$ cat protein_31.json   # JSON, C-alpha atoms
[["chain", "number", "residue", "atom", "x", "y", "z"],
["A", 1, "MET", "CA", 26.67, -7.26, 20.83],
["A", 2, "ALA", "CA", 25.55, -4.35, 18.66],
["A", 3, "ARG", "CA", 22.31, -2.55, 19.38],
["A", 4, "PHE", "CA", 20.24, 0.39, 18.25],
["A", 5, "PRO", "CA", 17.40, 1.85, 20.34],
["A", 6, "ALA", "CA", 14.89, 1.37, 17.48],
["A", 7, "LEU", "CA", 12.49, 4.02, 18.76],
["A", 8, "GLY", "CA", 11.49, 5.40, 15.39],
["A", 9, "LYS", "CA", 12.51, 8.79, 14.04],
["A", 10, "VAL", "CA", 13.61, 10.03, 17.47],
["A", 11, "SER", "CA", 16.43, 7.46, 17.39],
["A", 12, "GLY", "CA", 17.30, 7.89, 13.71],
["A", 13, "ASP", "CA", 15.18, 5.04, 12.35],
["A", 14, "TRP", "CA", 13.22, 5.15, 9.13],
["A", 15, "GLY", "CA", 10.87, 2.67, 7.52],
["A", 16, "GLY", "CA", 8.74, -0.22, 8.65],
["A", 17, "GLY", "CA", 5.17, -0.83, 7.57],
["A", 18, "LEU", "CA", 3.59, 2.21, 9.17],
["A", 19, "GLY", "CA", 6.52, 4.44, 8.27],
["A", 20, "LEU", "CA", 6.24, 3.47, 4.60],
["A", 21, "ALA", "CA", 2.49, 4.07, 4.66],
["A", 22, "GLU", "CA", 2.98, 7.52, 6.20],
["A", 23, "GLU", "CA", 5.54, 8.35, 3.51],
["A", 24, "ALA", "CA", 3.13, 7.16, 0.81],
["A", 25, "LEU", "CA", 0.44, 9.44, 2.23],
["A", 26, "TRP", "CA", 2.89, 12.36, 2.44],
["A", 27, "HIS", "CA", 3.80, 11.99, -1.23],
["A", 28, "ALA", "CA", 0.14, 11.51, -2.20],
["A", 29, "VAL", "CA", -0.85, 14.74, -0.45],
["A", 30, "ARG", "CA", 1.90, 16.67, -2.19],
["A", 31, "ALA", "CA", 1.06, 15.18, -5.57],
["A", 32, "GLU", "CA", -2.58, 16.16, -5.15],
["A", 33, "ASP", "CA", -1.95, 19.74, -4.00],
["A", 34, "GLY", "CA", 0.86, 20.45, -6.47],
["A", 35, "ARG", "CA", 3.80, 20.65, -4.07],
["A", 36, "GLY", "CA", 5.16, 17.32, -5.26],
["A", 37, "GLY", "CA", 5.58, 15.35, -8.41],
["A", 38, "PRO", "CA", 2.86, 13.20, -9.89],
["A", 39, "THR", "CA", 2.54, 9.72, -8.42],
["A", 40, "ALA", "CA", 0.07, 6.87, -8.51],
["A", 41, "LEU", "CA", 0.21, 6.96, -4.71],
["A", 42, "ALA", "CA", -2.52, 9.62, -4.75],
["A", 43, "ALA", "CA", -4.93, 7.23, -6.47],
["A", 44, "LEU", "CA", -3.81, 4.43, -4.18],
["A", 45, "VAL", "CA", -4.77, 6.48, -1.10],
["A", 46, "THR", "CA", -8.17, 7.57, -2.40],
["A", 47, "GLU", "CA", -9.02, 4.06, -3.61],
["A", 48, "HIS", "CA", -7.90, 2.46, -0.35],
["A", 49, "PHE", "CA", -9.96, 4.80, 1.81],
["A", 50, "GLY", "CA", -12.84, 5.33, -0.63],
["A", 51, "THR", "CA", -12.48, 9.10, -0.66],
["A", 52, "ALA", "CA", -12.62, 11.64, -3.47],
["A", 53, "THR", "CA", -9.38, 13.30, -2.38],
["A", 54, "VAL", "CA", -6.23, 12.58, -0.42],
["A", 55, "GLU", "CA", -6.93, 15.71, 1.60],
["A", 56, "GLU", "CA", -10.07, 14.03, 3.00],
["A", 57, "VAL", "CA", -7.88, 11.23, 4.34],
["A", 58, "SER", "CA", -5.44, 13.70, 5.92],
["A", 59, "LEU", "CA", -8.24, 15.61, 7.60],
["A", 60, "ALA", "CA", -9.90, 12.42, 8.84],
["A", 61, "LEU", "CA", -6.59, 11.36, 10.41],
["A", 62, "HIS", "CA", -6.07, 14.80, 11.95],
["A", 63, "PHE", "CA", -9.55, 14.94, 13.47],
["A", 64, "GLY", "CA", -9.42, 11.36, 14.77],
["A", 65, "GLU", "CA", -12.03, 10.01, 12.36],
["A", 66, "LEU", "CA", -9.41, 7.56, 11.08],
["A", 67, "GLU", "CA", -6.88, 5.79, 13.25],
["A", 68, "GLN", "CA", -3.22, 6.19, 12.29],
["A", 69, "SER", "CA", -3.00, 2.40, 12.24],
["A", 70, "SER", "CA", -5.47, 2.34, 9.33],
["A", 71, "LEU", "CA", -2.60, 3.49, 7.13],
["A", 72, "HIS", "CA", -0.98, 0.05, 7.40],
["A", 73, "GLY", "CA", -3.17, -1.21, 4.56],
["A", 74, "LEU", "CA", -1.37, 1.14, 2.15],
["A", 75, "THR", "CA", 1.98, -0.62, 2.52],
["A", 76, "PRO", "CA", 1.37, -3.75, 0.43],
["A", 77, "ARG", "CA", -0.14, -1.61, -2.30],
["A", 78, "LEU", "CA", 2.82, 0.79, -2.16],
["A", 79, "PHE", "CA", 5.00, -2.13, -3.25],
["A", 80, "GLU", "CA", 2.59, -2.89, -6.13],
["A", 81, "VAL", "CA", 2.76, 0.73, -7.31],
["A", 82, "ALA", "CA", 6.56, 0.65, -7.08],
["A", 83, "ALA", "CA", 6.73, -2.58, -9.09],
["A", 84, "ALA", "CA", 4.51, -1.00, -11.73],
["A", 85, "GLY", "CA", 7.17, 1.65, -12.27],
["A", 86, "ASP", "CA", 6.04, 4.67, -10.25],
["A", 87, "PRO", "CA", 9.31, 6.52, -9.52],
["A", 88, "ILE", "CA", 8.20, 8.00, -6.20],
["A", 89, "ALA", "CA", 6.90, 4.69, -4.86],
["A", 90, "ARG", "CA", 10.06, 2.97, -6.08],
["A", 91, "SER", "CA", 12.20, 5.56, -4.29],
["A", 92, "LEU", "CA", 10.49, 4.61, -1.03],
["A", 93, "VAL", "CA", 11.23, 0.91, -1.58],
["A", 94, "GLU", "CA", 14.82, 1.79, -2.47],
["A", 95, "ARG", "CA", 15.17, 3.85, 0.70],
["A", 96, "MET", "CA", 13.76, 0.97, 2.75],
["A", 97, "ALA", "CA", 16.37, -1.37, 1.23],
["A", 98, "GLU", "CA", 19.11, 1.17, 1.96],
["A", 99, "GLU", "CA", 18.03, 1.53, 5.60],
["A", 100, "ILE", "CA", 18.01, -2.24, 6.11],
["A", 101, "VAL", "CA", 21.42, -2.76, 4.52],
["A", 102, "LEU", "CA", 22.95, 0.19, 6.38],
["A", 103, "LEU", "CA", 21.71, -1.09, 9.74],
["A", 104, "ALA", "CA", 23.07, -4.58, 9.07],
["A", 105, "GLU", "CA", 26.35, -3.27, 7.65],
["A", 106, "VAL", "CA", 26.99, -1.11, 10.72],
["A", 107, "CYS", "CA", 26.19, -4.03, 13.04],
["A", 108, "LEU", "CA", 28.50, -6.36, 11.12],
["A", 109, "ARG", "CA", 31.27, -3.76, 11.20],
["A", 110, "ARG", "CA", 30.86, -3.13, 14.95],
["A", 111, "LEU", "CA", 31.01, -6.87, 15.58],
["A", 112, "GLU", "CA", 33.99, -7.27, 13.23],
["A", 113, "LEU", "CA", 31.98, -9.72, 11.11],
["A", 114, "LEU", "CA", 31.84, -7.83, 7.84],
["A", 115, "GLU", "CA", 34.41, -10.18, 6.27],
["A", 116, "THR", "CA", 33.10, -13.33, 7.97],
["A", 117, "PRO", "CA", 30.30, -15.57, 6.64],
["A", 118, "THR", "CA", 27.44, -14.58, 8.95],
["A", 119, "GLU", "CA", 23.69, -15.06, 8.98],
["A", 120, "VAL", "CA", 21.81, -11.78, 9.05],
["A", 121, "VAL", "CA", 18.28, -12.37, 10.28],
["A", 122, "LEU", "CA", 15.75, -9.89, 8.95],
["A", 123, "GLY", "CA", 12.39, -9.59, 10.63],
["A", 124, "GLY", "CA", 9.19, -7.60, 10.52],
["A", 125, "GLY", "CA", 6.07, -7.71, 8.42],
["A", 126, "VAL", "CA", 7.52, -5.77, 5.48],
["A", 127, "LEU", "CA", 10.32, -8.29, 5.09],
["A", 128, "ARG", "CA", 8.15, -11.35, 5.79],
["A", 129, "ALA", "CA", 5.99, -10.31, 2.84],
["A", 130, "ARG", "CA", 9.01, -11.07, 0.63],
["A", 131, "ASP", "CA", 8.24, -8.42, -1.96],
["A", 132, "PRO", "CA", 10.23, -9.25, -5.12],
["A", 133, "LEU", "CA", 11.50, -5.69, -5.70],
["A", 134, "LEU", "CA", 12.61, -5.20, -2.11],
["A", 135, "SER", "CA", 14.21, -8.66, -2.07],
["A", 136, "GLU", "CA", 16.11, -7.90, -5.29],
["A", 137, "LEU", "CA", 17.35, -4.57, -3.94],
["A", 138, "LEU", "CA", 18.47, -6.19, -0.70],
["A", 139, "ASP", "CA", 20.31, -8.96, -2.53],
["A", 140, "GLU", "CA", 22.11, -6.43, -4.75],
["A", 141, "ARG", "CA", 23.11, -4.15, -1.90],
["A", 142, "PHE", "CA", 24.20, -6.90, 0.48],
["A", 143, "THR", "CA", 26.27, -8.45, -2.32],
["A", 144, "ALA", "CA", 28.02, -5.12, -2.89],
["A", 145, "ARG", "CA", 28.52, -4.03, 0.74],
["A", 146, "ALA", "CA", 28.40, -7.16, 2.92],
["A", 147, "PRO", "CA", 29.08, -10.05, 0.54],
["A", 148, "GLN", "CA", 29.69, -12.56, 3.35],
["A", 149, "ALA", "CA", 26.23, -11.98, 4.81],
["A", 150, "LYS", "CA", 23.72, -14.78, 4.39],
["A", 151, "LEU", "CA", 20.23, -13.27, 4.53],
["A", 152, "VAL", "CA", 17.57, -15.11, 6.49],
["A", 153, "VAL", "CA", 14.05, -13.73, 6.73],
["A", 154, "ALA", "CA", 12.33, -14.73, 9.96],
["A", 155, "ASP", "CA", 9.04, -16.49, 9.32],
["A", 156, "LEU", "CA", 7.51, -15.30, 12.58],
["A", 157, "PRO", "CA", 7.42, -11.87, 14.23],
["A", 158, "PRO", "CA", 9.92, -11.19, 17.04],
["A", 159, "ILE", "CA", 7.16, -11.43, 19.66],
["A", 160, "ALA", "CA", 6.78, -15.10, 18.75],
["A", 161, "GLY", "CA", 10.41, -15.71, 19.73],
["A", 162, "ALA", "CA", 9.86, -13.99, 23.06],
["A", 163, "ALA", "CA", 6.74, -16.07, 23.66],
["A", 164, "LEU", "CA", 8.58, -19.28, 22.73],
["A", 165, "ASN", "CA", 11.34, -18.34, 25.15],
["A", 166, "GLY", "CA", 8.72, -17.86, 27.85],
["A", 167, "LEU", "CA", 7.22, -21.27, 27.09],
["A", 168, "ASP", "CA", 10.72, -22.79, 27.38],
["A", 169, "ARG", "CA", 11.22, -21.15, 30.77],
["A", 170, "ILE", "CA", 8.00, -22.57, 32.17],
["A", 171, "GLY", "CA", 8.72, -26.01, 30.73],
["A", 172, "ALA", "CA", 5.85, -26.05, 28.24],
["A", 173, "ASP", "CA", 5.58, -29.07, 25.97],
["A", 174, "GLU", "CA", 6.14, -29.11, 22.19],
["A", 175, "GLU", "CA", 2.39, -29.07, 21.54],
["A", 176, "ALA", "CA", 2.07, -25.67, 23.23],
["A", 177, "LYS", "CA", 4.99, -24.34, 21.17],
["A", 178, "ALA", "CA", 3.45, -25.70, 17.97],
["A", 179, "ARG", "CA", 0.14, -23.97, 18.79],
["A", 180, "LEU", "CA", 1.98, -20.71, 19.35],
["A", 181, "ARG", "CA", 3.88, -21.02, 16.06],
["A", 182, "GLY", "CA", 0.61, -21.88, 14.32],
["A", 183, "HIS", "CA", -1.08, -18.82, 15.77],
["A", 184, "PHE", "CA", 1.59, -16.47, 14.45],
["A", 185, "GLY", "CA", 1.89, -18.37, 11.19],
["A", 186, "ASP", "CA", -1.84, -17.92, 10.62],
["A", 187, "LEU", "CA", -1.37, -14.14, 10.84],
["A", 188, "LEU", "CA", 0.95, -14.06, 7.82]]
$ encode --input "protein_31.json" --output "C-alpha coordinates"
Amino acid sequence: MARFPALGKVSGDWGGGLGLAEEALWHAVRAEDGRGGPTALAALVTEHFGTATVEEVSLALHFGELEQSSLHGLTPRLFEVAAAGDPIARSLVERMAEEIVLLAEVCLRRLELLETPTEVVLGGGVLRARDPLLSELLDERFTARAPQAKLVVADLPPIAGAALNGLDRIGADEEAKARLRGHFGDLL
(Lines of atoms letter the chains of each structure in order from A and count residues from 1; the text may use other names and numbers.)
(Lines give C-alpha, C1' and ligand atoms only; values in the text may rest on other atoms or scores of the structure.)
Protein backbone atom coordinates (compact mmCIF):
# COMPACT_ATOMS: atom_id res chain seq x y z
CA MET A 1 0.00 0.00 0.00
CA ALA A 2 1.25 3.50 -0.82
CA ARG A 3 -0.55 6.54 0.53
CA PHE A 4 -0.30 10.30 0.66
CA PRO A 5 -2.29 12.42 3.14
CA ALA A 6 -3.84 14.48 0.29
CA LEU A 7 -4.63 17.46 2.52
CA GLY A 8 -3.83 20.15 -0.02
CA LYS A 9 -0.81 22.44 0.14
CA VAL A 10 -0.13 21.60 3.79
CA SER A 11 0.75 18.05 2.71
CA GLY A 12 2.60 19.01 -0.47
CA ASP A 13 -0.30 18.62 -2.90
CA TRP A 14 -0.99 20.91 -5.82
CA GLY A 15 -3.82 21.02 -8.32
CA GLY A 16 -7.38 19.83 -8.49
CA GLY A 17 -10.29 21.87 -9.77
CA LEU A 18 -10.30 24.54 -7.09
CA GLY A 19 -6.51 24.70 -6.97
CA LEU A 20 -6.34 25.31 -10.72
CA ALA A 21 -9.02 28.00 -10.46
CA GLU A 22 -7.13 29.74 -7.65
CA GLU A 23 -3.96 29.66 -9.75
CA ALA A 24 -5.85 31.09 -12.72
CA LEU A 25 -7.10 33.94 -10.53
CA TRP A 26 -3.61 34.53 -9.13
CA HIS A 27 -2.15 34.88 -12.62
CA ALA A 28 -5.09 37.03 -13.75
CA VAL A 29 -4.56 39.45 -10.85
CA ARG A 30 -0.87 39.76 -11.62
CA ALA A 31 -1.50 40.25 -15.33
CA GLU A 32 -3.98 43.02 -14.59
CA ASP A 33 -1.81 44.90 -12.08
CA GLY A 34 1.45 44.51 -14.02
CA ARG A 35 3.30 42.13 -11.70
CA GLY A 36 2.86 39.24 -14.13
CA GLY A 37 2.92 38.54 -17.80
CA PRO A 38 -0.05 39.08 -20.05
CA THR A 39 -2.59 36.26 -20.13
CA ALA A 40 -6.09 35.68 -21.40
CA LEU A 41 -6.89 34.46 -17.89
CA ALA A 42 -7.61 38.07 -16.88
CA ALA A 43 -10.40 38.31 -19.45
CA LEU A 44 -11.62 34.86 -18.48
CA VAL A 45 -12.04 35.96 -14.84
CA THR A 46 -13.83 39.22 -15.62
CA GLU A 47 -16.12 37.54 -18.16
CA HIS A 48 -16.93 34.67 -15.82
CA PHE A 49 -17.84 36.94 -12.92
CA GLY A 50 -19.23 39.83 -14.97
CA THR A 51 -16.87 42.39 -13.46
CA ALA A 52 -14.88 45.22 -15.01
CA THR A 53 -11.66 44.14 -13.29
CA VAL A 54 -10.04 41.09 -11.76
CA GLU A 55 -9.40 43.17 -8.65
CA GLU A 56 -13.18 43.39 -8.09
CA VAL A 57 -13.30 39.58 -7.97
CA SER A 58 -10.40 39.43 -5.50
CA LEU A 59 -12.02 41.98 -3.22
CA ALA A 60 -15.41 40.25 -3.40
CA LEU A 61 -13.74 36.98 -2.36
CA HIS A 62 -11.83 38.70 0.45
CA PHE A 63 -14.92 40.42 1.86
CA GLY A 64 -17.10 37.30 1.59
CA GLU A 65 -19.30 38.65 -1.19
CA LEU A 66 -18.23 35.68 -3.32
CA GLU A 67 -17.73 32.17 -2.03
CA GLN A 68 -14.35 30.57 -2.70
CA SER A 69 -16.23 27.67 -4.28
CA SER A 70 -17.50 30.04 -6.99
CA LEU A 71 -14.03 29.85 -8.51
CA HIS A 72 -14.68 26.27 -9.64
CA GLY A 73 -16.40 27.57 -12.77
CA LEU A 74 -13.07 28.97 -14.00
CA THR A 75 -11.45 25.55 -14.33
CA PRO A 76 -13.12 24.29 -17.52
CA ARG A 77 -12.46 27.64 -19.17
CA LEU A 78 -8.82 27.56 -18.03
CA PHE A 79 -8.41 24.45 -20.18
CA GLU A 80 -10.01 26.26 -23.15
CA VAL A 81 -7.61 29.19 -22.76
CA ALA A 82 -4.67 26.77 -22.54
CA ALA A 83 -5.80 24.94 -25.68
CA ALA A 84 -6.04 28.28 -27.48
CA GLY A 85 -2.32 28.78 -26.87
CA ASP A 86 -2.08 31.03 -23.81
CA PRO A 87 1.35 30.19 -22.36
CA ILE A 88 0.44 30.88 -18.73
CA ALA A 89 -2.75 28.81 -18.87
CA ARG A 90 -0.86 26.04 -20.65
CA SER A 91 1.81 26.09 -17.93
CA LEU A 92 -0.90 25.38 -15.35
CA VAL A 93 -2.19 22.40 -17.35
CA GLU A 94 1.38 21.16 -17.76
CA ARG A 95 1.98 21.46 -14.03
CA MET A 96 -1.24 19.54 -13.34
CA ALA A 97 -0.05 16.75 -15.64
CA GLU A 98 3.34 16.72 -13.92
CA GLU A 99 1.76 16.48 -10.46
CA ILE A 100 -0.45 13.56 -11.52
CA VAL A 101 2.39 11.64 -13.14
CA LEU A 102 4.76 12.29 -10.23
CA LEU A 103 2.22 11.03 -7.69
CA ALA A 104 1.56 7.86 -9.70
CA GLU A 105 5.26 7.30 -10.44
CA VAL A 106 6.18 7.52 -6.75
CA CYS A 107 3.35 5.13 -5.82
CA LEU A 108 4.41 2.65 -8.49
CA ARG A 109 8.02 2.85 -7.33
CA ARG A 110 7.09 2.38 -3.65
CA LEU A 111 5.00 -0.66 -4.59
CA GLU A 112 7.76 -2.00 -6.87
CA LEU A 113 5.35 -1.91 -9.82
CA LEU A 114 7.10 0.60 -12.05
CA GLU A 115 8.27 -2.17 -14.40
CA THR A 116 5.07 -4.24 -14.15
CA PRO A 117 1.94 -3.77 -16.30
CA THR A 118 -0.38 -2.05 -13.82
CA GLU A 119 -3.65 -0.16 -14.03
CA VAL A 120 -3.37 3.36 -12.66
CA VAL A 121 -6.83 4.66 -11.82
CA LEU A 122 -7.15 8.42 -12.06
CA GLY A 123 -10.10 10.14 -10.44
CA GLY A 124 -11.53 13.55 -9.77
CA GLY A 125 -13.55 16.02 -11.77
CA VAL A 126 -10.59 17.50 -13.65
CA LEU A 127 -9.64 14.09 -15.00
CA ARG A 128 -13.21 12.93 -15.62
CA ALA A 129 -13.63 15.93 -17.93
CA ARG A 130 -11.07 14.26 -20.22
CA ASP A 131 -9.59 17.48 -21.51
CA PRO A 132 -7.65 16.69 -24.72
CA LEU A 133 -4.55 18.71 -23.79
CA LEU A 134 -4.30 17.26 -20.30
CA SER A 135 -4.92 13.75 -21.64
CA GLU A 136 -2.18 14.18 -24.26
CA LEU A 137 0.29 15.45 -21.66
CA LEU A 138 -0.52 12.56 -19.34
CA ASP A 139 -0.10 10.01 -22.12
CA GLU A 140 3.28 11.48 -23.10
CA ARG A 141 4.60 11.64 -19.56
CA PHE A 142 3.37 8.22 -18.48
CA THR A 143 4.89 6.72 -21.65
CA ALA A 144 8.25 8.29 -20.79
CA ARG A 145 8.32 7.63 -17.03
CA ALA A 146 5.96 4.72 -16.31
CA PRO A 147 5.53 2.95 -19.65
CA GLN A 148 3.94 -0.14 -18.09
CA ALA A 149 1.12 1.90 -16.56
CA LYS A 150 -2.31 1.50 -18.11
CA LEU A 151 -4.31 4.66 -17.41
CA VAL A 152 -7.93 4.28 -16.40
CA VAL A 153 -10.04 7.34 -15.66
CA ALA A 154 -12.78 6.62 -13.13
CA ASP A 155 -16.21 7.51 -14.47
CA LEU A 156 -17.60 8.27 -11.03
CA PRO A 157 -16.22 10.31 -8.13
CA PRO A 158 -14.56 8.42 -5.25
CA ILE A 159 -17.55 9.07 -2.99
CA ALA A 160 -19.64 6.90 -5.31
CA GLY A 161 -17.32 3.96 -4.63
CA ALA A 162 -17.66 4.49 -0.89
CA ALA A 163 -21.44 4.66 -1.22
CA LEU A 164 -21.49 1.49 -3.35
CA ASN A 165 -19.38 -0.25 -0.73
CA GLY A 166 -21.90 0.82 1.90
CA LEU A 167 -24.77 -0.53 -0.19
CA ASP A 168 -22.88 -3.85 -0.50
CA ARG A 169 -22.43 -4.02 3.27
CA ILE A 170 -26.14 -3.56 3.93
CA GLY A 171 -27.08 -6.06 1.23
CA ALA A 172 -28.77 -3.58 -1.09
CA ASP A 173 -30.06 -4.90 -4.40
CA GLU A 174 -28.68 -4.07 -7.86
CA GLU A 175 -31.48 -1.57 -8.49
CA ALA A 176 -30.31 0.57 -5.57
CA LYS A 177 -26.73 0.44 -6.87
CA ALA A 178 -27.90 1.39 -10.37
CA ARG A 179 -29.80 4.39 -8.96
CA LEU A 180 -26.69 5.49 -7.10
CA ARG A 181 -24.51 5.16 -10.21
CA GLY A 182 -27.15 7.05 -12.19
CA HIS A 183 -27.19 9.86 -9.64
CA PHE A 184 -23.44 10.38 -9.86
CA GLY A 185 -23.42 9.85 -13.61
CA ASP A 186 -26.01 12.60 -13.99
CA LEU A 187 -23.62 15.02 -12.25
CA LEU A 188 -20.96 14.64 -14.95
$ residues_around --input "protein_31.json" --residues "region 43-60 of chain A" --least-positions-apart "6" --cutoff "10 Å" --atoms "all atoms listed in the file" --output "VMD selection string"
chain A and resid 21 24 to 26 28 to 33 66 to 68 70 to 71 73 to 74 77 to 78 80 to 81
$ residues_around --input "protein_31.json" --residues "region 125-127 of chain A" --least-positions-apart "3" --cutoff "9 Å" --atoms "only C-alpha atoms" --output "MDAnalysis selection string"
chainID A and resid 16:17 75:76 122 130:131 134:135 153:154 156:157 188
$ write_last_selection --input "protein_31.json" --atoms "C-alpha atoms" --output "mmCIF file, keeping the file's coordinate frame"
data_model
loop_
_atom_site.group_PDB
_atom_site.id
_atom_site.type_symbol
_atom_site.label_atom_id
_atom_site.label_comp_id
_atom_site.auth_asym_id
_atom_site.auth_seq_id
_atom_site.Cartn_x
_atom_site.Cartn_y
_atom_site.Cartn_z
ATOM 1 C CA GLY A 16 8.740 -0.220 8.650
ATOM 2 C CA GLY A 17 5.170 -0.830 7.570
ATOM 3 C CA THR A 75 1.980 -0.620 2.520
ATOM 4 C CA PRO A 76 1.370 -3.750 0.430
ATOM 5 C CA LEU A 122 15.750 -9.890 8.950
ATOM 6 C CA ARG A 130 9.010 -11.070 0.630
ATOM 7 C CA ASP A 131 8.240 -8.420 -1.960
ATOM 8 C CA LEU A 134 12.610 -5.200 -2.110
ATOM 9 C CA SER A 135 14.210 -8.660 -2.070
ATOM 10 C CA VAL A 153 14.050 -13.730 6.730
ATOM 11 C CA ALA A 154 12.330 -14.730 9.960
ATOM 12 C CA LEU A 156 7.510 -15.300 12.580
ATOM 13 C CA PRO A 157 7.420 -11.870 14.230
ATOM 14 C CA LEU A 188 0.950 -14.060 7.820
#
$ residues_around --input "protein_31.json" --residues "Leu113 (chain A)" --least-positions-apart "2" --cutoff "12 Å" --atoms "only C-alpha atoms" --output "VMD selection string"
chain A and resid 1 to 2 104 to 111 115 to 120 146 to 150
$ axis_aligned_box --input "protein_31.json" --around "region 44-54 of chain A" --padding-each-side "4 Å" --output "JSON"
{"center_x": -8.3, "center_y": 7.9, "center_z": -1.2, "size_x": 17.0, "size_y": 18.8, "size_z": 14.0}
$ closest_residue --input "protein_31.json" --among "A:Gly12, A:Glu175, A:Val152, A:Pro5" --to "Glu99 (chain A)" --atoms "all atoms listed in the file"
A:Gly12
$ atom_distance --input "protein_31.json" --atom1 "CA of Asp86 (chain A)" --atom2 "CA of Glu22 (chain A)"
17.0 Å
$ atom_distance --input "protein_31.json" --atom1 "CA of Arg95 (chain A)" --atom2 "CA of Glu136 (chain A)"
13.2 Å
$ residues_near_point --input "protein_31.json" --point "(9.4, 12.2, -9.7)" --cutoff "10 Å" --atoms "only C-alpha atoms" --output "PyMOL selection string"
chain A and resi 31+36-39+86-91
$ atom_distance --input "protein_31.json" --atom1 "CA of Ile159 (chain A)" --atom2 "CA of Leu7 (chain A)"
16.4 Å
$ closest_residue --input "protein_31.json" --among "A:Arg179, A:Arg145, A:His72, A:His62" --to "Ile100 (chain A)" --atoms "only C-alpha atoms"
A:Arg145
$ closest_residue --input "protein_31.json" --among "A:Arg128, A:Gly15, A:Pro158, A:Glu112" --to "Leu92 (chain A)" --atoms "only C-alpha atoms"
A:Gly15
$ closest_residue --input "protein_31.json" --among "A:Leu138, A:Ala129, A:Leu103, A:Ala172" --to "Asp155 (chain A)" --atoms "all atoms listed in the file"
A:Ala129
$ closest_residue --input "protein_31.json" --among "A:Phe142, A:Phe79, A:Trp14, A:Phe63" --to "Met96 (chain A)" --atoms "only C-alpha atoms"
A:Trp14
$ closest_residue --input "protein_31.json" --among "A:Leu133, A:Ala97, A:Gly19, A:Val121" --to "Ala84 (chain A)" --atoms "all atoms listed in the file"
A:Leu133
